[in-house]
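Student: Sharing work-v8.txt here; it has compact mmCIF, C-alpha atoms.
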# COMPACT_ATOMS: atom_id res chain seq x y z
CA MET A 1 -5.03 2.95 -3.77
CA ASN A 2 -7.90 2.49 -1.38
CA ASP A 3 -9.65 5.87 -1.69
CA GLY A 4 -7.92 7.13 1.40
CA SER A 5 -9.56 4.47 3.57
CA PHE A 6 -6.14 3.61 4.92
CA ALA A 7 -5.68 7.28 5.77
CA ALA A 8 -8.86 7.09 7.79
CA GLU A 9 -7.48 4.07 9.64
CA TRP A 10 -4.21 5.81 10.34
CA ALA A 11 -5.47 9.25 11.25
CA SER A 12 -6.76 8.42 14.71
CA GLY A 13 -3.42 7.43 16.14
CA GLY A 14 -1.33 5.52 13.61
CA ALA A 15 0.99 8.47 13.00
CA GLN A 16 2.65 8.02 16.39
CA PRO A 17 5.89 6.05 16.58
CA CYS A 18 5.60 2.57 18.04
CA THR A 19 8.29 1.67 20.54
CA ASP A 20 6.84 -1.56 21.89
CA ALA A 21 7.24 -3.93 18.95
CA GLN A 22 8.80 -6.40 21.38
CA ALA A 23 5.27 -7.01 22.67
CA LEU A 24 4.60 -8.75 19.35
CA GLY A 25 7.36 -11.26 19.98
CA ARG A 26 9.59 -10.20 17.07
CA PRO A 27 11.94 -7.33 16.23
CA SER A 28 10.39 -4.30 14.56
CA SER A 29 12.54 -4.84 11.45
CA GLN A 30 10.89 -8.20 10.75
CA THR A 31 7.99 -7.12 8.57
CA LEU A 32 5.55 -9.76 7.39
CA SER A 33 7.18 -9.63 3.95
CA MET A 34 10.50 -10.55 5.57
CA GLN A 35 8.94 -13.30 7.65
CA PHE A 36 6.95 -14.87 4.81
CA TRP A 37 9.22 -14.39 1.82
CA GLY A 38 12.53 -13.00 3.04
CA CYS A 39 11.67 -9.92 1.02
CA ASP A 40 13.06 -6.58 2.21
CA LEU A 41 11.44 -3.82 0.16
CA SER A 42 13.82 -1.27 1.68
CA GLN A 43 16.87 -3.04 0.23
CA ARG A 44 16.75 -1.04 -3.02
CA LEU A 45 16.24 2.27 -1.25
CA PRO A 46 16.93 5.16 -1.39
CA ARG A 47 16.19 5.43 -5.09
CA THR A 48 16.08 8.62 -7.16
CA LEU A 49 13.07 8.56 -9.49
CA THR A 50 13.15 11.96 -11.22
CA GLU A 51 15.72 14.40 -12.54
CA GLY A 52 14.39 16.87 -9.99
CA GLY A 53 15.65 14.68 -7.17
CA THR A 54 12.41 13.04 -6.04
CA GLN A 55 13.45 9.96 -4.09
CA ALA A 56 11.85 6.79 -2.78
CA VAL A 57 13.15 6.10 0.72
CA SER A 58 12.41 3.76 3.61
CA GLY A 59 9.27 5.04 5.27
CA ASP A 60 9.01 6.71 8.64
CA ILE A 61 5.69 6.09 10.39
CA THR A 62 5.48 9.64 11.76
CA ARG A 63 6.21 11.34 8.44
CA ILE A 64 3.80 9.14 6.52
CA GLY A 65 1.12 9.77 9.13
CA GLY A 66 1.62 13.50 8.75
CA PHE A 67 1.38 13.23 4.97
CA LEU A 68 -1.89 11.30 5.22
CA MET A 69 -3.35 13.78 7.68
CA GLN A 70 -2.42 16.65 5.38
CA GLN A 71 -3.81 15.05 2.23
CA PHE A 72 -6.78 13.09 3.66
CA ALA A 73 -7.73 14.82 6.90
CA TRP A 74 -11.41 14.82 5.95
CA LEU A 75 -11.35 11.01 5.99
CA ALA A 76 -10.06 10.74 9.54
CA GLU A 77 -12.02 8.46 11.83
CA ASP A 78 -12.41 11.30 14.31
CA ALA A 79 -14.02 13.44 11.61
CA ARG A 80 -16.49 10.61 10.94
CA HIS A 81 -17.20 10.16 14.68
CA ALA A 82 -15.73 6.66 14.52
CA ALA A 83 -12.57 7.01 16.60
CA PRO A 84 -11.36 3.60 17.86
CA SER A 85 -10.62 2.81 21.48
CA ASP A 86 -7.17 3.41 22.93
CA TRP A 87 -6.28 -0.29 22.79
CA LEU A 88 -7.28 -0.54 19.13
CA SER A 89 -5.19 2.54 18.35
CA LEU A 90 -2.24 0.88 20.05
CA ALA A 91 -2.81 -2.34 18.11
CA LYS A 92 -2.96 -0.31 14.92
CA ARG A 93 0.34 1.39 15.65
CA ARG A 94 1.95 -1.95 16.41
CA TYR A 95 0.68 -3.41 13.15
CA LEU A 96 1.83 -0.46 11.05
CA ALA A 97 5.23 -0.22 12.70
CA SER A 98 6.14 -3.90 12.75
CA ALA A 99 4.11 -5.76 10.12
CA CYS A 100 3.83 -3.37 7.15
CA ASP A 101 6.29 -2.21 4.54
CA LEU A 102 6.55 1.59 4.57
CA ILE A 103 7.94 3.41 1.54
CA GLU A 104 7.95 7.18 1.13
CA LEU A 105 8.32 9.46 -1.83
CA ARG A 106 10.34 12.52 -0.74
CA HIS A 107 11.02 15.81 -2.50
CA ASP A 108 12.90 18.80 -1.04
CA GLY A 109 12.65 17.36 2.44
CA GLU A 110 8.88 16.76 2.26
CA THR A 111 6.88 13.55 2.01
CA VAL A 112 4.88 13.67 -1.23
CA GLY A 113 3.79 10.06 -1.56
CA ALA A 114 3.67 6.71 0.18
CA ILE A 115 3.22 2.99 -0.28
CA VAL A 116 2.05 0.90 2.67
CA GLY A 117 1.36 -2.81 2.37
CA ALA A 118 1.86 -6.30 3.77
CA PRO A 119 1.25 -9.94 2.82
CA GLU A 120 -2.43 -10.84 2.79
CA ASP A 121 -1.58 -14.54 2.74
CA TRP A 122 1.34 -16.75 1.71
CA ALA A 123 0.99 -15.88 -1.98
CA THR A 124 -0.62 -12.42 -2.08
CA TYR A 125 0.70 -8.96 -1.27
CA TYR A 126 -1.99 -6.47 -0.26
CA VAL A 127 -1.49 -2.74 -0.86
CA ARG A 128 -3.23 -0.86 1.93
CA PHE A 129 -2.28 2.56 0.63
CA PHE A 130 -0.67 4.00 -2.48
CA ALA A 131 -0.90 7.73 -3.15
CA LEU A 132 0.97 10.79 -4.28
CA ALA A 133 0.33 14.44 -3.52
CA PRO A 134 -1.72 16.02 -6.36
CA GLU A 135 1.21 17.95 -7.83
CA PHE A 136 3.22 14.72 -8.09
CA GLN A 137 0.50 12.60 -9.69
CA LYS A 138 2.30 12.31 -12.99
CA PRO A 139 1.94 9.07 -14.96
CA ALA A 140 5.66 8.48 -15.46
CA LEU A 141 6.47 9.02 -11.78
CA THR A 142 3.51 6.98 -10.56
CA ARG A 143 4.43 4.03 -12.77
CA ARG A 144 8.09 4.16 -11.81
CA PHE A 145 7.30 4.45 -8.10
CA ALA A 146 5.05 1.40 -8.24
CA ARG A 147 7.22 -0.66 -10.59
CA GLU A 148 10.65 -0.12 -9.03
CA CYS A 149 9.64 0.02 -5.37
CA LEU A 150 6.91 -2.62 -5.29
CA PHE A 151 6.41 -4.78 -8.37
CA GLU A 152 10.03 -5.61 -9.19
CA PRO A 153 11.25 -6.46 -5.66
CA LEU A 154 8.20 -8.61 -4.93
CA ALA A 155 8.54 -10.43 -8.25
CA ALA A 156 12.22 -11.04 -7.52
CA CYS A 157 11.17 -12.75 -4.29
CA GLY A 158 8.73 -15.01 -6.15
CA VAL A 159 5.50 -13.38 -4.92
CA PRO A 160 2.76 -14.41 -7.42
CA ARG A 161 0.34 -11.47 -7.11
CA ILE A 162 -0.40 -8.02 -5.71
CA CYS A 163 -3.94 -6.99 -4.74
CA ALA A 164 -5.58 -3.69 -3.89
CA GLU A 165 -9.10 -2.26 -3.67
CA THR A 166 -10.85 0.96 -4.53
CA SER A 167 -14.34 2.39 -4.79
CA PRO A 168 -16.16 1.63 -8.06
CA ALA A 169 -16.76 5.37 -8.31
CA ASN A 170 -13.03 6.16 -8.30
CA ARG A 171 -12.47 6.41 -12.04
CA ALA A 172 -8.99 7.88 -11.70
CA MET A 173 -7.78 4.94 -9.63
CA ALA A 174 -9.48 2.43 -11.93
CA ARG A 175 -7.66 4.04 -14.86
CA LEU A 176 -4.36 3.84 -12.97
CA PHE A 177 -4.92 0.16 -12.19
CA SER A 178 -5.48 -0.47 -15.90
CA GLU A 179 -2.30 1.42 -16.82
CA LEU A 180 -0.36 -0.69 -14.31
CA SER A 181 -1.78 -3.94 -15.79
CA PHE A 182 -4.06 -4.82 -12.88
CA LEU A 183 -7.17 -6.89 -13.59
CA ALA A 184 -10.52 -6.54 -11.84
CA THR A 185 -10.83 -9.82 -9.92
CA GLY A 186 -13.62 -9.30 -7.40
CA GLN A 187 -15.98 -7.02 -5.53
CA GLN A 188 -17.39 -6.75 -2.06
CA LEU A 189 -19.66 -4.65 0.12
CA SER A 190 -17.45 -3.64 3.02
CA ASP A 191 -18.86 -2.72 6.42
CA ARG A 192 -16.03 -0.20 6.79
CA TRP A 193 -15.64 1.37 3.35
CA GLY A 194 -18.79 0.47 1.44
CA PRO A 195 -18.60 -1.07 -2.06
CA LEU A 196 -15.11 -1.95 -3.25
CA VAL A 197 -13.68 -3.42 -6.43
CA ARG A 198 -10.68 -5.69 -6.00
CA TYR A 199 -7.83 -5.48 -8.49
CA THR A 200 -4.98 -7.94 -8.96
CA LYS A 201 -1.65 -7.59 -10.70
CA PHE A 202 -0.19 -10.99 -11.48
CA LEU A 203 3.58 -11.05 -11.11
CA ASP A 204 3.66 -14.71 -12.17
CA PRO A 205 2.55 -15.16 -15.82
CA ALA A 206 1.41 -18.72 -15.09
CA CYS A 207 -1.01 -17.51 -12.41
CA GLU A 208 -2.36 -14.85 -14.77
CA SER A 209 -2.85 -17.45 -17.51
CA VAL A 210 -4.83 -19.69 -15.16
CA PHE A 211 -7.04 -16.79 -14.11
CA LEU A 212 -7.72 -15.74 -17.69
CA GLN A 213 -8.55 -19.28 -18.75
CA ARG A 214 -10.94 -19.80 -15.84
CA PHE A 215 -12.64 -16.41 -15.64
CA GLY A 216 -11.54 -14.30 -18.60
CA GLY A 217 -13.67 -15.95 -21.25
CA LEU A 218 -10.62 -17.32 -23.05
CA ALA A 219 -10.46 -20.86 -24.41
CA PRO A 220 -7.64 -23.07 -23.04
Show how you would write the structure in this file as structure tokens.
Tutor:
Amino acid sequence: MNDGSFAAEWASGGAQPCTDAQALGRPSSQTLSMQFWGCDLSQRLPRTLTEGGTQAVSGDITRIGGFLMQQFAWLAEDARHAAPSDWLSLAKRRYLASACDLIELRHDGETVGAIVGAPEDWATYYVRFFALAPEFQKPALTRRFARECLFEPLAACGVPRICAETSPANRAMARLFSELSFLATGQQLSDRWGPLVRYTKFLDPACESVFLQRFGGLAP
């Protein structure tokens, strides 16, 4: 969802497996979603999403990294002469392997899509990356992937909102956010990715009502 900016973060080392999650003081299976909300996004997986056998499965850090390098290699930090230090690369791998939820879309043994995210705070889930390979960017599949693998399990755990960001120039992603019932809720000038528009999908109708009353121009 973030214009491949997450791919740029990953591409300089995040695709390597992390075997030292113990250094973080918790088991690698304890993602931040599990720690904060007791929410295991892999619990409903694997899940077949199309008649052709396309499946959502628990993500593998190496496979997802390879998918991102294949689809977004031009955004790699190395390509932009911004490769991080070795210790930052290690920290990145630790974060991805132990803190984030990793969900893959697989077809005929190949990774064709991915969702990567983690709690931003106690009440907000932040989607770092959401993308499908071009040939799989079909509205019905995209909506089902997001709804069944992200929205529904988070809502079931009582998470009030999901947030993501994209470039204001990314019309395709803005259109997708609208189709998925996200609302534009902010903007920023990022030192890493330039201008970004923040989008929020409210999973709690009460939170959405409060937002609309305060900032949507609607009378109470």
Student: For A:Glu165, which of A:Ala146, A:Asp191, A:Thr111, A:Phe130 is the closest residue, counting only C-alpha atoms?
Tutor: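 Closest residue, counting only C-alpha atoms: A:Phe130.
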Student: Of the candidates A:Glu208, A:Glu104, A:Glu120, A:Glu148, which shows the shortest atom-to-atom distance to A:Gly66, using all atoms listed in the file?
Tutor: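 Nearest candidate to A:Gly66 out of A:Glu208, A:Glu104, A:Glu120, A:Glu148: A:Glu104.
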Student: Determine the nearest neighbour of A:Leu141 from the options A:Arg161, A:Pro46, A:Leu105, A:Leu189, counting all atoms listed in the file.
Tutor: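 For A:Leu141, the nearest of the candidates is A:Leu105.
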Student: Applying 12 Å and only C-alpha atoms, which residues near A:Thr166 remain after dropping the ones on its own chain fewer than 4 positions away? List them as JSON, numbers by chain.
Tutor: {"A": [1, 2, 3, 4, 5, 6, 127, 128, 129, 130, 170, 171, 172, 173, 174, 175, 176, 177, 184, 186, 187, 188, 189, 190, 193, 194, 195, 196, 197, 198, 199, 200]}
Student: Would you compute the distance between atom CA of A:Phe36 and atom CA of A:Pro119? Give it in Å to one decimal.
Tutor: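 Atom-to-atom, atom CA of A:Phe36 to atom CA of A:Pro119, that is 7.8 Å.
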Student: Taking 6 positions as the minimum chain separation for residues in the same chain, which residues sit within 6 Å of A:Val112 when counting all atoms listed in the file? Answer as a count of residues only.
Tutor: 4
Student: Take atom CA of A:Gly109 and atom CA of A:Leu90 and report the distance between them in Å, one decimal.
Tutor: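 Atom CA of A:Gly109 sits 28.3 Å away from atom CA of A:Leu90.
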Student: Could you tell me how far atom CA of A:Ile61 sits from atom CA of A:Met34, in Å to one decimal place?
Tutor: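 One can read the atom CA of A:Met34 to atom CA of A:Ile61 distance as 18.0 Å.
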Student: For A:Ala56, work out the shell of residues within 9 Å, counting all atoms listed in the file and skipping chain neighbours fewer than 2 positions away, then give it as an MDAnalysis selection string.
Tutor: chainID A and resid 45:49 54 58:59 103:106 113:114 145 149
Student: Listed atoms of stretch 208-213 of chain A, axis-aligned box, 8 Å per side: centre and edge lengths to one decimal in Å, as lines of an AutoDock Vina configuration file?
Tutor:
center_x = -5.5
center_y = -17.3
center_z = -16.4
size_x = 22.2
size_y = 20.8
size_z = 20.6
